[in-house]
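Asks: Input upload-v9.csv, format and content: CSV, C-alpha atoms.
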chain,number,residue,atom,x,y,z
T,4,MET,CA,14.1,-4.2,8.6
T,5,ALA,CA,10.8,-5.6,10.0
T,6,ARG,CA,9.2,-5.3,6.6
T,7,ARG,CA,12.0,-7.4,5.1
T,8,TRP,CA,11.4,-10.0,7.7
T,9,ILE,CA,7.6,-10.1,6.9
T,10,GLY,CA,8.5,-10.8,3.3
T,11,ALA,CA,10.9,-13.6,4.3
T,12,ALA,CA,8.3,-15.0,6.7
T,13,LEU,CA,5.7,-15.1,3.9
T,14,ALA,CA,8.1,-16.9,1.6
T,15,THR,CA,8.7,-19.5,4.3
T,16,LEU,CA,5.0,-20.0,4.8
T,17,LEU,CA,4.4,-20.5,1.1
T,18,LEU,CA,7.3,-22.9,0.8
T,19,ALA,CA,5.9,-24.9,3.7
T,20,GLY,CA,2.6,-25.1,1.9
T,21,THR,CA,4.3,-26.6,-1.2
T,22,LEU,CA,6.1,-29.2,0.9
T,23,GLY,CA,3.1,-30.1,2.9
T,24,GLY,CA,2.8,-33.5,1.3
T,25,CYS,CA,6.3,-34.6,2.3
T,26,ALA,CA,6.2,-35.1,6.0
T,27,SER,CA,9.8,-36.2,6.3
T,28,SER,CA,11.0,-32.7,5.1
T,29,LYS,CA,9.1,-30.7,7.6
T,30,PRO,CA,11.1,-29.6,10.6
T,31,ALA,CA,9.5,-29.5,14.0
T,32,PRO,CA,7.8,-26.1,14.7
T,33,GLU,CA,9.3,-23.6,17.1
T,34,ARG,CA,7.1,-22.9,20.0
T,35,TYR,CA,6.8,-19.7,22.0
T,36,THR,CA,5.3,-18.5,25.3
T,37,LEU,CA,4.5,-14.9,26.1
T,38,PRO,CA,7.2,-13.1,28.2
T,39,ALA,CA,6.7,-13.2,31.9
T,40,ALA,CA,5.1,-10.2,33.6
T,41,THR,CA,7.5,-7.3,33.9
T,42,MET,CA,7.0,-3.7,35.2
T,43,PRO,CA,9.5,-0.9,35.2
T,44,GLU,CA,10.4,-0.1,38.8
T,45,ALA,CA,9.7,3.6,38.3
T,46,THR,CA,6.0,2.8,37.5
T,47,MET,CA,5.5,0.3,40.3
T,48,PRO,CA,3.1,1.2,43.2
T,49,GLU,CA,5.0,2.0,46.4
T,50,ALA,CA,3.7,-1.1,48.1
T,51,THR,CA,5.1,-3.4,45.3
T,52,ARG,CA,8.6,-1.7,45.5
T,53,GLN,CA,8.7,-2.4,49.2
T,54,GLY,CA,7.8,-6.0,48.8
T,55,ALA,CA,4.4,-5.7,50.4
T,56,ALA,CA,2.3,-6.8,47.4
T,57,GLY,CA,-0.4,-9.2,48.7
T,58,ALA,CA,0.4,-8.6,52.4
T,59,GLU,CA,-2.9,-6.8,53.1
T,60,THR,CA,-5.3,-7.3,50.3
T,61,ARG,CA,-8.5,-5.4,50.6
T,62,TYR,CA,-10.1,-6.4,47.3
T,63,GLN,CA,-10.5,-9.4,45.0
T,64,LEU,CA,-10.4,-9.3,41.2
T,65,GLN,CA,-11.2,-12.4,39.2
T,66,VAL,CA,-9.8,-12.6,35.6
T,67,ALA,CA,-11.8,-14.6,33.1
T,68,THR,CA,-10.2,-16.5,30.2
T,69,PRO,CA,-10.3,-14.0,27.3
T,70,ARG,CA,-12.7,-14.9,24.4
T,71,LEU,CA,-10.6,-15.1,21.3
T,72,ALA,CA,-11.8,-14.5,17.7
T,73,ASP,CA,-11.9,-17.9,16.0
T,74,TYR,CA,-8.9,-17.2,13.8
T,75,LEU,CA,-6.7,-16.5,16.8
T,76,ASP,CA,-7.8,-19.7,18.7
T,77,VAL,CA,-5.2,-21.8,16.8
T,78,GLU,CA,-1.7,-23.2,17.4
T,79,GLY,CA,0.2,-21.0,14.9
T,80,ILE,CA,1.1,-17.3,15.5
T,81,VAL,CA,-1.0,-15.2,13.2
T,82,MET,CA,0.4,-12.7,10.7
T,83,GLN,CA,-1.6,-10.0,8.9
T,84,ILE,CA,0.1,-9.8,5.5
T,85,ASP,CA,-2.0,-7.0,4.0
T,86,ASP,CA,-5.2,-5.1,4.9
T,87,ILE,CA,-7.4,-8.1,4.6
T,88,THR,CA,-5.3,-11.3,4.6
T,89,LEU,CA,-4.3,-13.3,7.6
T,90,VAL,CA,-2.0,-16.3,7.7
T,91,GLU,CA,-1.4,-18.8,10.5
T,92,ALA,CA,2.3,-19.7,10.8
T,93,ARG,CA,3.0,-23.4,10.5
T,94,GLY,CA,6.6,-23.4,11.8
T,95,HIS,CA,6.0,-20.9,14.6
T,96,GLN,CA,3.4,-21.9,17.2
T,97,TRP,CA,2.2,-21.1,20.7
T,98,ALA,CA,3.5,-23.6,23.3
T,99,GLU,CA,0.2,-23.4,25.1
T,100,ALA,CA,-3.3,-22.3,24.2
T,101,LEU,CA,-3.2,-18.5,23.7
T,102,GLY,CA,-6.3,-17.8,25.8
T,103,LYS,CA,-4.7,-19.5,28.8
T,104,GLN,CA,-1.5,-17.6,28.4
T,105,LEU,CA,-3.3,-14.3,28.1
T,106,GLN,CA,-5.4,-15.0,31.2
T,107,ARG,CA,-2.5,-16.1,33.4
T,108,GLY,CA,-0.2,-13.3,32.1
T,109,LEU,CA,-2.9,-10.7,32.9
T,110,ARG,CA,-3.4,-12.1,36.4
T,111,ASP,CA,0.4,-11.8,37.1
T,112,ARG,CA,0.6,-8.3,35.6
T,113,LEU,CA,-2.5,-7.0,37.5
T,114,ALA,CA,-1.2,-8.5,40.7
T,115,GLN,CA,2.0,-6.3,40.3
T,116,ARG,CA,0.0,-3.2,39.6
T,117,LEU,CA,-2.7,-3.7,42.2
T,118,PRO,CA,-0.8,-4.7,45.4
T,119,ASP,CA,-4.0,-4.2,47.6
T,120,THR,CA,-5.9,-6.7,45.5
T,121,ARG,CA,-6.0,-10.5,45.4
T,122,VAL,CA,-6.0,-11.3,41.7
T,123,LEU,CA,-7.3,-14.7,40.8
T,124,LEU,CA,-8.2,-16.8,37.8
T,125,ASP,CA,-11.9,-16.8,37.4
T,126,GLY,CA,-13.5,-19.8,39.2
T,127,THR,CA,-10.6,-20.7,41.4
T,128,ALA,CA,-12.0,-19.2,44.6
T,129,PRO,CA,-15.4,-18.2,46.0
T,130,ARG,CA,-16.3,-14.6,44.9
T,131,GLU,CA,-16.2,-12.2,47.7
T,132,ALA,CA,-18.8,-9.4,48.3
T,133,ASN,CA,-16.4,-6.7,47.0
T,134,ALA,CA,-15.0,-8.8,44.2
T,135,LEU,CA,-14.7,-7.5,40.6
T,136,ARG,CA,-14.7,-9.7,37.5
T,137,LEU,CA,-12.7,-8.8,34.4
T,138,ALA,CA,-13.8,-10.2,31.0
T,139,LEU,CA,-12.1,-9.6,27.7
T,140,GLU,CA,-12.8,-10.3,24.0
T,141,ILE,CA,-9.7,-10.3,21.9
T,142,ASP,CA,-10.1,-10.0,18.1
T,143,ARG,CA,-6.6,-9.0,17.2
T,144,PHE,CA,-3.4,-10.4,18.6
T,145,GLN,CA,-1.0,-10.7,15.7
T,146,GLY,CA,1.9,-9.4,13.7
T,147,ARG,CA,1.2,-6.9,10.9
T,148,HIS,CA,2.9,-6.3,7.5
T,149,ASP,CA,4.2,-2.9,8.6
T,150,GLY,CA,6.4,-4.4,11.3
T,151,ARG,CA,4.0,-3.9,14.2
T,152,ALA,CA,2.4,-6.2,16.8
T,153,VAL,CA,-1.2,-5.3,17.2
T,154,ILE,CA,-3.8,-6.1,20.0
T,155,GLY,CA,-7.4,-5.2,19.7
T,156,GLY,CA,-10.7,-6.1,21.4
T,157,ARG,CA,-12.9,-5.0,24.3
T,158,TRP,CA,-12.9,-5.4,28.1
T,159,ARG,CA,-15.7,-5.3,30.6
T,160,LEU,CA,-15.5,-4.9,34.4
T,161,HIS,CA,-18.3,-6.4,36.4
T,162,ALA,CA,-19.3,-6.2,40.1
T,163,ALA,CA,-19.8,-9.3,42.2
T,164,ASP,CA,-23.5,-9.3,41.4
T,165,GLY,CA,-22.8,-9.3,37.7
T,166,SER,CA,-23.7,-5.7,37.0
T,167,LEU,CA,-21.6,-3.9,34.4
T,168,LEU,CA,-19.3,-1.2,35.9
T,169,ALA,CA,-17.2,-0.2,32.9
T,170,MET,CA,-16.6,-1.3,29.3
T,171,GLN,CA,-14.0,0.1,26.8
T,172,PRO,CA,-12.3,-1.0,23.6
T,173,LEU,CA,-8.7,-2.2,23.8
T,174,GLU,CA,-6.4,-0.9,20.9
T,175,LEU,CA,-2.6,-1.3,21.3
T,176,GLU,CA,0.3,-1.4,18.9
T,177,ASN,CA,4.1,-1.9,19.4
T,178,VAL,CA,6.9,-1.7,16.8
T,179,LEU,CA,9.1,-4.8,16.5
T,180,GLU,CA,12.6,-4.1,17.7
T,181,ALA,CA,14.1,-6.7,15.4
T,182,ASP,CA,13.3,-9.3,12.7
T,183,GLY,CA,11.7,-12.6,13.5
T,184,TYR,CA,9.0,-14.3,15.5
T,185,PRO,CA,10.8,-14.0,18.8
T,186,ALA,CA,10.8,-10.2,18.4
T,187,LEU,CA,7.1,-10.4,17.5
T,188,VAL,CA,6.2,-12.4,20.6
T,189,ARG,CA,8.2,-10.0,22.8
T,190,ALA,CA,6.4,-7.0,21.2
T,191,LEU,CA,3.0,-8.7,21.9
T,192,GLY,CA,4.2,-9.2,25.5
T,193,ARG,CA,4.9,-5.5,25.8
T,194,GLY,CA,1.5,-4.8,24.4
T,195,TRP,CA,0.0,-7.0,27.1
T,196,ASP,CA,2.0,-5.0,29.7
T,197,SER,CA,0.3,-1.9,28.4
T,198,ALA,CA,-3.1,-3.6,28.5
T,199,ALA,CA,-2.5,-4.4,32.2
T,200,ASP,CA,-1.6,-0.7,32.8
T,201,GLU,CA,-4.9,0.4,31.3
T,202,LEU,CA,-7.0,-2.2,33.1
T,203,ALA,CA,-5.4,-1.6,36.5
T,204,GLU,CA,-6.2,2.1,36.1
T,205,ALA,CA,-9.8,1.2,35.2
T,206,VAL,CA,-10.0,-0.9,38.4
T,207,ARG,CA,-8.7,1.9,40.5
T,208,GLY,CA,-11.1,4.4,38.8
T,209,THR,CA,-14.0,2.2,39.6
T,210,ARG,CA,-13.1,2.1,43.3
T,211,ARG,CA,-12.7,5.8,43.5
T,212,GLN,CA,-16.3,6.1,42.5
T,213,GLU,CA,-17.5,4.0,45.4
Starting from the file, lay out its structure as C-alpha cells.

Replies:
Amino acid sequence: MARRWIGAALATLLLAGTLGGCASSKPAPERYTLPAATMPEATMPEATRQGAAGAETRYQLQVATPRLADYLDVEGIVMQIDDITLVEARGHQWAEALGKQLQRGLRDRLAQRLPDTRVLLDGTAPREANALRLALEIDRFQGRHDGRAVIGGRWRLHAADGSLLAMQPLELENVLEADGYPALVRALGRGWDSAADELAEAVRGTRRQE
C-alpha cells in the first residue's frame, strides 16, 4: 500500500513540475508539524506517572538546534525515490523550519523521560555546573520508496566545560501505517520518540559513570 502511495506521490510531483509556469493552477501547499511528544505510560519513569516531573530537578540538559544536511533544510518534505534520488515535495511542506521543530520536540520528549532534569533549549538559560549539552547532526529525515520513514545522523553529549562525554550514530526506521504524507509525518514523529528513548538512556548512562 505504501509503495503505491510513493508512486502516486511521484506522479503528483512530476505533474506539479509541468504546471510550474501556471501560478493560478497551483493549489496552496499542505503544511505539517511533527506530532506532539508522546510516551506510553508503561515506559514512563515512576516520577512522571505520579505527576512529579520537574518538581525536584537535580540536573540540567541543554538541547542545541540540530544541524541539518543542506537538502533537509528546506520547506518541502523530502522523499527518497530510489537508492540515490531525493525529491522535495512542493505541495507538502513543513509548517515551521524543521530544525526548530526537532529541537523543541526533543526537549519535550526528553523532559518526559528525564523527570529529574530541567531540559532547556540551548542558550535560553545560564549553563549550570552539572549541565550537559546535547548536539545532533541529522543527515536523513525523510520518506523512502519502500514505505518507511528513515532518520539518520549522529549525536554528541558534552559536559558543561565542553568536553565530549559520548558520541554515537543515530539510525532509525519506521514503517508507514497508511498511505499519504500525514502517515509519513506521524512515522517520523514515532522515530523521534525512539530517538528520545535512546538519548535519555545515554544521559542516564553518563550519570551512572560519575

Asks: In Å to one decimal, how far is atom CA of T:Arg207 from atom CA of T:Arg143?

Replies: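 Computing the Euclidean distance for atom CA of T:Arg143 and atom CA of T:Arg207 yields 25.8 Å.
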
Asks: Rank nothing, just name the residue among T:Val206, T:Ala134, T:Val122, T:Val81 nearest to T:Gly146, using all atoms listed in the file.

Replies: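 Looking only at the distances to T:Gly146, the closest residue turns out to be T:Val81.
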
Asks: Neighbouring residues of T:Gly108 were defined as those with any atom within 7 Å, considering all atoms listed in the file; residues of the same chain fewer than 3 positions away were excluded. Please report them as a VMD selection string.

Replies: chain T and resid 39 to 40 104 to 105 111 to 112

Asks: Enter the distance from atom CA of T:Trp158 to atom CA of T:Leu137, in Å, rounded to one decimal.

Replies: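 Computing the Euclidean distance for atom CA of T:Trp158 and atom CA of T:Leu137 yields 7.2 Å.
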
Asks: Find the residues near T:Asp85: any atom within 8 Å, counting only C-alpha atoms, skip ones fewer than 2 places away on the same chain, and give them as a ChimeraX atom specification.

Replies: /T:83,87-89,147-148

Asks: Can you tell me, as a PDB file with C-alpha atoms, keeping the file's coordinate frame, which residues sit within 10 Å of (2.7, -12.3, 24.5) in the file's frame, using all atoms listed in the file?

Replies:
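This is the output file out-v2.pdb:
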ATOM      1  CA  TYR T  35       6.800 -19.700  22.000  1.00  0.00           C
ATOM      2  CA  THR T  36       5.300 -18.500  25.300  1.00  0.00           C
ATOM      3  CA  LEU T  37       4.500 -14.900  26.100  1.00  0.00           C
ATOM      4  CA  PRO T  38       7.200 -13.100  28.200  1.00  0.00           C
ATOM      5  CA  ALA T  39       6.700 -13.200  31.900  1.00  0.00           C
ATOM      6  CA  ALA T  40       5.100 -10.200  33.600  1.00  0.00           C
ATOM      7  CA  TRP T  97       2.200 -21.100  20.700  1.00  0.00           C
ATOM      8  CA  LEU T 101      -3.200 -18.500  23.700  1.00  0.00           C
ATOM      9  CA  GLN T 104      -1.500 -17.600  28.400  1.00  0.00           C
ATOM     10  CA  LEU T 105      -3.300 -14.300  28.100  1.00  0.00           C
ATOM     11  CA  GLY T 108      -0.200 -13.300  32.100  1.00  0.00           C
ATOM     12  CA  PHE T 144      -3.400 -10.400  18.600  1.00  0.00           C
ATOM     13  CA  GLN T 145      -1.000 -10.700  15.700  1.00  0.00           C
ATOM     14  CA  ALA T 152       2.400  -6.200  16.800  1.00  0.00           C
ATOM     15  CA  LEU T 187       7.100 -10.400  17.500  1.00  0.00           C
ATOM     16  CA  VAL T 188       6.200 -12.400  20.600  1.00  0.00           C
ATOM     17  CA  ARG T 189       8.200 -10.000  22.800  1.00  0.00           C
ATOM     18  CA  ALA T 190       6.400  -7.000  21.200  1.00  0.00           C
ATOM     19  CA  LEU T 191       3.000  -8.700  21.900  1.00  0.00           C
ATOM     20  CA  GLY T 192       4.200  -9.200  25.500  1.00  0.00           C
ATOM     21  CA  ARG T 193       4.900  -5.500  25.800  1.00  0.00           C
ATOM     22  CA  GLY T 194       1.500  -4.800  24.400  1.00  0.00           C
ATOM     23  CA  TRP T 195       0.000  -7.000  27.100  1.00  0.00           C
ATOM     24  CA  ASP T 196       2.000  -5.000  29.700  1.00  0.00           C
TER      25      ASP T 196
END

Asks: Mind giving me the straight-line distance from atom CA of T:Ala181 to atom CA of T:Arg34 in Å, one decimal?

Replies: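 Taking atom CA of T:Ala181 and atom CA of T:Arg34, their separation equals 18.2 Å.
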
Asks: If you take only C-alpha atoms and a cut-off of 12 Å, which residues of stretch 81-148 of chain T touch stretch 63-68 of chain T, and what are their nearest atom pairs and distances in Å to one decimal, in chain and number order, as a Markdown table?

Replies:
| residue | atom | partner | partner_atom | distance |
| --- | --- | --- | --- | --- |
| T:Ala100 | CA | T:Thr68 | CA | 10.8 |
| T:Leu101 | CA | T:Thr68 | CA | 9.8 |
| T:Gly102 | CA | T:Thr68 | CA | 6.0 |
| T:Lys103 | CA | T:Thr68 | CA | 6.4 |
| T:Gln104 | CA | T:Thr68 | CA | 9.0 |
| T:Leu105 | CA | T:Thr68 | CA | 7.5 |
| T:Gln106 | CA | T:Thr68 | CA | 5.1 |
| T:Arg107 | CA | T:Thr68 | CA | 8.3 |
| T:Gly108 | CA | T:Val66 | CA | 10.2 |
| T:Leu109 | CA | T:Val66 | CA | 7.6 |
| T:Arg110 | CA | T:Val66 | CA | 6.5 |
| T:Asp111 | CA | T:Val66 | CA | 10.3 |
| T:Arg112 | CA | T:Val66 | CA | 11.3 |
| T:Leu113 | CA | T:Leu64 | CA | 9.0 |
| T:Ala114 | CA | T:Leu64 | CA | 9.2 |
| T:Leu117 | CA | T:Leu64 | CA | 9.6 |
| T:Pro118 | CA | T:Gln63 | CA | 10.8 |
| T:Asp119 | CA | T:Gln63 | CA | 8.7 |
| T:Thr120 | CA | T:Gln63 | CA | 5.4 |
| T:Arg121 | CA | T:Gln63 | CA | 4.6 |
| T:Val122 | CA | T:Leu64 | CA | 4.9 |
| T:Leu123 | CA | T:Gln65 | CA | 4.8 |
| T:Leu124 | CA | T:Val66 | CA | 5.0 |
| T:Asp125 | CA | T:Gln65 | CA | 4.8 |
| T:Gly126 | CA | T:Gln65 | CA | 7.7 |
| T:Thr127 | CA | T:Gln65 | CA | 8.6 |
| T:Ala128 | CA | T:Gln65 | CA | 8.7 |
| T:Pro129 | CA | T:Gln65 | CA | 9.9 |
| T:Arg130 | CA | T:Gln63 | CA | 7.8 |
| T:Glu131 | CA | T:Gln63 | CA | 6.9 |
| T:Ala132 | CA | T:Gln63 | CA | 8.9 |
| T:Asn133 | CA | T:Gln63 | CA | 6.8 |
| T:Ala134 | CA | T:Gln63 | CA | 4.6 |
| T:Leu135 | CA | T:Leu64 | CA | 4.7 |
| T:Arg136 | CA | T:Gln65 | CA | 4.7 |
| T:Leu137 | CA | T:Val66 | CA | 4.9 |
| T:Ala138 | CA | T:Ala67 | CA | 5.3 |
| T:Leu139 | CA | T:Ala67 | CA | 7.4 |
| T:Glu140 | CA | T:Thr68 | CA | 9.1 |
| T:Ile141 | CA | T:Thr68 | CA | 10.4 |
